[in-house]
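> The structure under discussion is supplied below as structure tokens; questions concerning it will follow.
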Amino acid sequence: MAKTRLAARLGDDGAAALARAFFDDIWATVSALGWAEPILVTTEPEAPEWRSAGIRPGIRSIWAQSEGDLGARLESAFRRALAGSAAAFAIGTDSPGLPADLLHAARAALAESDAVL
């Protein structure tokens with residue numbers, strides 16, 4: 001279950017709905033960039049909600065998340081992404097409202113730097 005700390009206050013369904021809303025928001029932002037190829041990295045790549053037409057439009061690439069702590073999981077995703085691209089971003093779903101302008105700026109900064117936080 002997602003958002004376990006909020007479930008005590010929102011209930012399981014409310015916490016799940018919030019997690020879905022956060023995901024939908026950041027996915028819509030990244031999908032609209034035009035220059036990005038969004039890839040969903042998840043512990044449940046075969047979950048029906050990722051594949052159902054109309055529920056999550058635009059999800060073309062889904063990768064299974066590796067094992068380990070957050071650092072190990074991020075490293076694995078970056079290694080895989082950078083094997084086929086000159087640049088990669090990792091954006092958590094807890095970033096609703098992330099301005100697209102910041103992503104454009106990060107992309108521009110990557111032209112002059114090895115990493116951008």
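Each chain in the structure tokens gets a letter, A, B, ..., in the order shown, and its residues are numbered from 1; ligands are numbered from 1 in order too.
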Could you go through chain A and tell me which residues DSSP, when run on the backbone, assigns to helix (DSSP H, G or I), listing them as a ChimeraX atom specification?
/A:4-31,48-51,70-82,100-110
> Could those residues be written to a file, using C-alpha atoms, as a CSV table (one decimal), in the first residue's frame?

```
chain,number,residue,atom,x,y,z
A,4,THR,CA,1.2,4.3,4.6
A,5,ARG,CA,1.8,7.2,7.0
A,6,LEU,CA,-1.2,9.1,5.6
A,7,ALA,CA,-3.5,6.1,5.7
A,8,ALA,CA,-4.0,6.6,9.5
A,9,ARG,CA,-5.5,10.0,8.7
A,10,LEU,CA,-7.0,9.4,5.2
A,11,GLY,CA,-7.8,5.7,5.4
A,12,ASP,CA,-6.4,3.2,2.9
A,13,ASP,CA,-8.6,4.3,0.0
A,14,GLY,CA,-7.9,8.0,0.6
A,15,ALA,CA,-4.1,7.3,0.8
A,16,ALA,CA,-4.2,5.3,-2.4
A,17,ALA,CA,-6.2,8.0,-4.2
A,18,LEU,CA,-3.7,10.6,-3.1
A,19,ALA,CA,-0.8,8.4,-4.4
A,20,ARG,CA,-2.7,8.0,-7.7
A,21,ALA,CA,-3.2,11.7,-8.0
A,22,PHE,CA,0.5,12.4,-7.3
A,23,PHE,CA,1.5,9.9,-9.9
A,24,ASP,CA,-1.0,11.2,-12.5
A,25,ASP,CA,0.2,14.8,-11.9
A,26,ILE,CA,4.0,14.2,-12.4
A,27,TRP,CA,3.4,11.7,-15.3
A,28,ALA,CA,1.3,14.3,-17.1
A,29,THR,CA,4.0,16.9,-16.6
A,30,VAL,CA,6.8,14.7,-17.9
A,31,SER,CA,4.8,13.3,-20.8
A,48,PRO,CA,-3.1,-4.1,-14.4
A,49,GLU,CA,-3.5,-0.3,-13.7
A,50,TRP,CA,-0.3,0.4,-15.7
A,51,ARG,CA,-1.5,-1.5,-18.8
A,70,LEU,CA,16.8,3.7,-2.5
A,71,GLY,CA,20.4,4.5,-3.6
A,72,ALA,CA,20.8,1.0,-5.1
A,73,ARG,CA,17.4,1.2,-6.9
A,74,LEU,CA,18.2,4.7,-8.3
A,75,GLU,CA,21.7,3.5,-9.4
A,76,SER,CA,20.2,0.5,-11.2
A,77,ALA,CA,17.6,2.7,-13.0
A,78,PHE,CA,20.2,5.3,-14.0
A,79,ARG,CA,22.6,2.6,-15.3
A,80,ARG,CA,19.8,1.1,-17.4
A,81,ALA,CA,18.6,4.4,-18.7
A,82,LEU,CA,22.1,5.8,-19.5
A,100,ALA,CA,8.1,21.9,-16.2
A,101,ASP,CA,10.3,25.0,-16.3
A,102,LEU,CA,12.6,23.3,-13.7
A,103,LEU,CA,12.9,20.2,-15.9
A,104,HIS,CA,13.7,22.3,-18.9
A,105,ALA,CA,16.4,24.1,-16.8
A,106,ALA,CA,17.8,20.8,-15.6
A,107,ARG,CA,18.0,19.5,-19.1
A,108,ALA,CA,19.9,22.7,-20.2
A,109,ALA,CA,22.2,22.4,-17.2
A,110,LEU,CA,23.1,18.8,-18.1
```
> Counting only C-alpha atoms, figure out which residue out of A:Leu98, A:Ala111, A:Leu33, A:Leu40 gets nearest to Arg60 (chain A).
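Answer, going by the shortest atom-to-atom distance: A:Leu40.
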